[in-house]
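Text of data34.txt (compact mmCIF, N, CA and C atoms) as supplied:
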# COMPACT_ATOMS: atom_id res chain seq x y z
N TYR V 1 89.00 72.71 39.23
CA TYR V 1 88.91 71.48 38.47
C TYR V 1 87.47 71.06 38.22
N ASP V 2 86.56 71.97 38.44
CA ASP V 2 85.16 71.66 38.23
C ASP V 2 84.95 71.27 36.76
N GLY V 3 84.28 70.17 36.57
CA GLY V 3 84.03 69.66 35.22
C GLY V 3 85.11 68.71 34.73
N LYS V 4 86.16 68.53 35.50
CA LYS V 4 87.28 67.65 35.11
C LYS V 4 87.25 66.32 35.87
N GLN V 5 86.24 66.11 36.70
CA GLN V 5 86.15 64.89 37.48
C GLN V 5 85.95 63.68 36.57
N PRO V 6 86.45 62.52 36.99
CA PRO V 6 86.21 61.31 36.19
C PRO V 6 84.72 60.97 36.17
N ALA V 7 84.28 60.31 35.12
CA ALA V 7 82.87 59.94 34.99
C ALA V 7 82.47 58.93 36.06
N GLU V 8 83.41 58.06 36.44
CA GLU V 8 83.14 57.06 37.45
C GLU V 8 84.27 57.04 38.47
N ILE V 9 83.93 56.74 39.70
CA ILE V 9 84.92 56.65 40.77
C ILE V 9 84.79 55.28 41.41
N PHE V 10 85.92 54.63 41.65
CA PHE V 10 85.90 53.32 42.32
C PHE V 10 85.38 53.52 43.74
N PRO V 11 84.33 52.81 44.12
CA PRO V 11 83.72 53.02 45.45
C PRO V 11 84.46 52.26 46.56
N TYR V 12 85.73 52.63 46.78
CA TYR V 12 86.54 51.91 47.76
C TYR V 12 85.94 51.93 49.17
N TRP V 13 85.16 52.94 49.49
CA TRP V 13 84.56 53.07 50.81
C TRP V 13 83.47 52.03 51.06
N GLY V 14 82.93 51.44 50.03
CA GLY V 14 81.83 50.49 50.19
C GLY V 14 82.19 49.08 49.79
N VAL V 15 83.49 48.82 49.61
CA VAL V 15 83.93 47.49 49.19
C VAL V 15 84.53 46.78 50.40
N TRP V 16 84.03 45.59 50.67
CA TRP V 16 84.49 44.79 51.79
C TRP V 16 85.54 43.81 51.30
N ILE V 17 86.74 43.91 51.86
CA ILE V 17 87.83 43.00 51.49
C ILE V 17 87.76 41.78 52.39
N ASP V 18 87.83 40.62 51.80
CA ASP V 18 87.84 39.36 52.54
C ASP V 18 88.93 39.42 53.61
N PRO V 19 88.60 39.11 54.86
CA PRO V 19 89.60 39.17 55.93
C PRO V 19 90.86 38.34 55.65
N ALA V 20 90.74 37.28 54.89
CA ALA V 20 91.90 36.46 54.55
C ALA V 20 92.88 37.22 53.66
N SER V 21 92.39 38.24 52.95
CA SER V 21 93.24 39.02 52.05
C SER V 21 93.50 40.43 52.56
N ALA V 22 92.87 40.82 53.65
CA ALA V 22 92.93 42.21 54.11
C ALA V 22 94.35 42.65 54.48
N ASP V 23 95.10 41.82 55.19
CA ASP V 23 96.46 42.21 55.57
C ASP V 23 97.34 42.40 54.34
N GLN V 24 97.22 41.47 53.42
CA GLN V 24 98.02 41.56 52.20
C GLN V 24 97.63 42.79 51.39
N ALA V 25 96.33 43.03 51.27
CA ALA V 25 95.87 44.21 50.52
C ALA V 25 96.36 45.49 51.17
N GLY V 26 96.32 45.55 52.49
CA GLY V 26 96.78 46.73 53.20
C GLY V 26 98.27 46.98 52.99
N MET V 27 99.06 45.92 53.05
CA MET V 27 100.50 46.04 52.84
C MET V 27 100.80 46.49 51.40
N LEU V 28 100.12 45.86 50.45
CA LEU V 28 100.34 46.22 49.04
C LEU V 28 99.92 47.66 48.78
N GLN V 29 98.79 48.07 49.34
CA GLN V 29 98.31 49.44 49.14
C GLN V 29 99.31 50.45 49.72
N THR V 30 99.84 50.15 50.89
CA THR V 30 100.83 51.03 51.50
C THR V 30 102.07 51.15 50.62
N ASN V 31 102.57 50.02 50.14
CA ASN V 31 103.77 50.03 49.29
C ASN V 31 103.53 50.78 47.98
N ILE V 32 102.39 50.57 47.37
CA ILE V 32 102.06 51.23 46.10
C ILE V 32 101.91 52.73 46.31
N THR V 33 101.21 53.12 47.36
CA THR V 33 101.01 54.55 47.64
C THR V 33 102.34 55.24 47.94
N THR V 34 103.19 54.59 48.72
CA THR V 34 104.51 55.15 49.03
C THR V 34 105.33 55.32 47.77
N TYR V 35 105.31 54.32 46.91
CA TYR V 35 106.05 54.38 45.64
C TYR V 35 105.56 55.55 44.79
N ILE V 36 104.26 55.70 44.68
CA ILE V 36 103.69 56.80 43.88
C ILE V 36 104.07 58.14 44.48
N ASP V 37 103.91 58.29 45.79
CA ASP V 37 104.21 59.57 46.45
C ASP V 37 105.68 59.94 46.30
N GLN V 38 106.58 58.99 46.51
CA GLN V 38 108.01 59.27 46.41
C GLN V 38 108.40 59.67 44.99
N ASN V 39 107.86 58.97 44.01
CA ASN V 39 108.19 59.29 42.63
C ASN V 39 107.56 60.59 42.18
N ALA V 40 106.34 60.86 42.63
CA ALA V 40 105.69 62.13 42.28
C ALA V 40 106.54 63.30 42.77
N LEU V 41 107.05 63.20 43.98
CA LEU V 41 107.90 64.25 44.52
C LEU V 41 109.16 64.43 43.68
N GLN V 42 109.75 63.33 43.26
CA GLN V 42 110.96 63.42 42.43
C GLN V 42 110.66 64.01 41.06
N PHE V 43 109.51 63.66 40.49
CA PHE V 43 109.15 64.25 39.19
C PHE V 43 108.86 65.75 39.34
N ILE V 44 108.20 66.13 40.41
CA ILE V 44 107.84 67.53 40.62
C ILE V 44 109.08 68.39 40.88
N THR V 45 110.01 67.87 41.68
CA THR V 45 111.19 68.66 42.05
C THR V 45 112.32 68.57 41.03
N GLY V 46 112.14 67.77 39.99
CA GLY V 46 113.16 67.67 38.96
C GLY V 46 114.20 66.60 39.20
N GLY V 47 114.04 65.84 40.27
CA GLY V 47 114.96 64.74 40.53
C GLY V 47 114.85 63.64 39.49
N LYS V 48 113.69 63.55 38.86
CA LYS V 48 113.45 62.61 37.77
C LYS V 48 112.82 63.38 36.62
N SER V 49 113.11 62.92 35.43
CA SER V 49 112.58 63.53 34.22
C SER V 49 111.43 62.70 33.65
N LEU V 50 110.33 63.37 33.31
CA LEU V 50 109.22 62.65 32.69
C LEU V 50 109.65 62.00 31.38
N ASP V 51 110.49 62.67 30.64
CA ASP V 51 110.94 62.14 29.36
C ASP V 51 111.86 60.93 29.51
N LYS V 52 112.77 60.98 30.48
CA LYS V 52 113.78 59.94 30.61
C LYS V 52 113.41 58.84 31.59
N ASP V 53 112.66 59.17 32.64
CA ASP V 53 112.44 58.23 33.73
C ASP V 53 111.04 57.64 33.81
N TRP V 54 110.13 58.08 32.96
CA TRP V 54 108.75 57.63 33.06
C TRP V 54 108.60 56.12 32.84
N ASP V 55 109.26 55.60 31.82
CA ASP V 55 109.14 54.16 31.54
C ASP V 55 109.65 53.32 32.71
N ALA V 56 110.74 53.74 33.33
CA ALA V 56 111.28 53.02 34.49
C ALA V 56 110.30 53.11 35.67
N TYR V 57 109.66 54.26 35.82
CA TYR V 57 108.66 54.42 36.88
C TYR V 57 107.51 53.43 36.69
N ILE V 58 107.00 53.35 35.49
CA ILE V 58 105.90 52.41 35.20
C ILE V 58 106.37 50.97 35.40
N LYS V 59 107.56 50.65 34.97
CA LYS V 59 108.12 49.31 35.13
C LYS V 59 108.27 48.96 36.62
N GLY V 60 108.49 49.95 37.46
CA GLY V 60 108.66 49.74 38.89
C GLY V 60 107.43 49.16 39.57
N PHE V 61 106.26 49.33 38.97
CA PHE V 61 105.05 48.74 39.54
C PHE V 61 105.08 47.21 39.50
N ASP V 62 105.85 46.64 38.57
CA ASP V 62 105.95 45.18 38.48
C ASP V 62 106.49 44.59 39.78
N GLY V 63 107.42 45.26 40.40
CA GLY V 63 108.02 44.77 41.63
C GLY V 63 107.16 45.00 42.87
N LEU V 64 106.04 45.67 42.70
CA LEU V 64 105.15 45.96 43.83
C LEU V 64 103.96 45.02 43.92
N ASP V 65 103.91 44.04 43.04
CA ASP V 65 102.81 43.06 43.02
C ASP V 65 101.47 43.74 42.78
N LEU V 66 101.47 44.74 41.91
CA LEU V 66 100.27 45.50 41.59
C LEU V 66 99.16 44.61 41.06
N THR V 67 99.51 43.61 40.26
CA THR V 67 98.51 42.70 39.70
C THR V 67 97.75 41.98 40.80
N ASN V 68 98.45 41.51 41.81
CA ASN V 68 97.81 40.82 42.93
C ASN V 68 96.88 41.78 43.69
N TYR V 69 97.33 43.00 43.91
CA TYR V 69 96.49 44.00 44.58
C TYR V 69 95.21 44.26 43.79
N LEU V 70 95.35 44.41 42.49
CA LEU V 70 94.18 44.65 41.64
C LEU V 70 93.24 43.45 41.64
N ASP V 71 93.78 42.24 41.69
CA ASP V 71 92.95 41.03 41.78
C ASP V 71 92.14 41.02 43.07
N ILE V 72 92.79 41.35 44.18
CA ILE V 72 92.09 41.39 45.47
C ILE V 72 90.97 42.42 45.42
N MET V 73 91.28 43.60 44.91
CA MET V 73 90.27 44.66 44.86
C MET V 73 89.14 44.31 43.89
N GLN V 74 89.47 43.66 42.78
CA GLN V 74 88.43 43.26 41.81
C GLN V 74 87.49 42.24 42.41
N LYS V 75 88.04 41.25 43.13
CA LYS V 75 87.20 40.24 43.77
C LYS V 75 86.30 40.89 44.82
N SER V 76 86.85 41.85 45.56
CA SER V 76 86.06 42.55 46.57
C SER V 76 84.94 43.34 45.92
N TYR V 77 85.25 44.00 44.82
CA TYR V 77 84.25 44.78 44.10
C TYR V 77 83.18 43.86 43.52
N ASP V 78 83.60 42.74 42.93
CA ASP V 78 82.66 41.81 42.29
C ASP V 78 81.66 41.24 43.31
N SER V 79 82.09 41.11 44.55
CA SER V 79 81.19 40.57 45.58
C SER V 79 80.39 41.67 46.28
N SER V 80 80.58 42.91 45.89
CA SER V 80 79.87 44.03 46.54
C SER V 80 78.55 44.32 45.83
N ALA V 81 77.77 45.15 46.46
CA ALA V 81 76.50 45.57 45.88
C ALA V 81 76.70 46.47 44.67
N PHE V 82 77.85 47.13 44.58
CA PHE V 82 78.13 48.05 43.47
C PHE V 82 78.17 47.33 42.15
N SER V 83 78.70 46.10 42.14
CA SER V 83 78.85 45.39 40.87
C SER V 83 77.53 44.85 40.35
N LYS V 84 76.49 44.88 41.17
CA LYS V 84 75.20 44.32 40.78
C LYS V 84 74.26 45.36 40.18
N LYS V 85 74.77 46.58 40.03
CA LYS V 85 73.93 47.65 39.47
C LYS V 85 73.79 47.52 37.99

Would you give me this structure, written as structure tokens?
Amino acid sequence: YDGKQPAEIFPYWGVWIDPASADQAGMLQTNITTYIDQNALQFITGGKSLDKDWDAYIKGFDGLDLTNYLDIMQKSYDSSAFSKK
């Protein structure tokens, strides 16, 4: 995959999450990652069809509070040294 890397990578290793939001962010991240992993396995093994089930898969993120997770991560990034470059 050399040469196929994204131009930019989110620096999650250097972003400090506010302790008031850390538990919630951790729970949301776990739920989102589990959802992605479970669905990826189903798409790979043929349990789900990319043509028929993709839209439902994307819609499933609504129930995972993805927007709130992204808000927490954005606020953490905005307060980090990375956003000041």

Please give the complete set of residues from chain V that DSSP, run on the backbone, assigns to alpha helix (DSSP H), formatted as a PyMOL selection string.
-> chain V and resi 19-45+50-59+66-78

Name the residues, using the chain letters and numbers of the file, that sit within 7 Å of (89.5, 39.9, 47.3) when counting all atoms listed in the file, and give them as a tab-separated table (two decimals) with N, CA and C atoms, in the frame of the given file.
chain	number	residue	atom	x	y	z
V	16	TRP	N	84.03	45.59	50.67
V	16	TRP	CA	84.49	44.79	51.79
V	16	TRP	C	85.54	43.81	51.30
V	17	ILE	N	86.74	43.91	51.86
V	17	ILE	CA	87.83	43.00	51.49
V	17	ILE	C	87.76	41.78	52.39
V	18	ASP	N	87.83	40.62	51.80
V	18	ASP	CA	87.84	39.36	52.54
V	18	ASP	C	88.93	39.42	53.61
V	21	SER	N	92.39	38.24	52.95
V	21	SER	CA	93.24	39.02	52.05
V	21	SER	C	93.50	40.43	52.56
V	71	ASP	N	93.78	42.24	41.69
V	71	ASP	CA	92.95	41.03	41.78
V	71	ASP	C	92.14	41.02	43.07
V	72	ILE	N	92.79	41.35	44.18
V	72	ILE	CA	92.09	41.39	45.47
V	72	ILE	C	90.97	42.42	45.42
V	73	MET	N	91.28	43.60	44.91
V	73	MET	CA	90.27	44.66	44.86
V	73	MET	C	89.14	44.31	43.89
V	74	GLN	N	89.47	43.66	42.78
V	74	GLN	CA	88.43	43.26	41.81
V	74	GLN	C	87.49	42.24	42.41
V	75	LYS	N	88.04	41.25	43.13
V	75	LYS	CA	87.20	40.24	43.77
V	75	LYS	C	86.30	40.89	44.82
V	76	SER	N	86.85	41.85	45.56
V	76	SER	CA	86.06	42.55	46.57
V	76	SER	C	84.94	43.34	45.92
V	77	TYR	N	85.25	44.00	44.82
V	77	TYR	CA	84.25	44.78	44.10
V	77	TYR	C	83.18	43.86	43.52

Students should find that CA of Glu8 (chain V) and atom C of Ser49 (chain V) are spaced 29.1 Å

Could you give me the centre and size, in Å to one decimal, of an axis-aligned box around all listed atoms of region 68-73 of chain V with 8 Å added on every side, as lines of an AutoDock Vina configuration file?
center_x = 93.8
center_y = 42.7
center_z = 43.6
size_x = 25.3
size_y = 19.8
size_z = 19.8
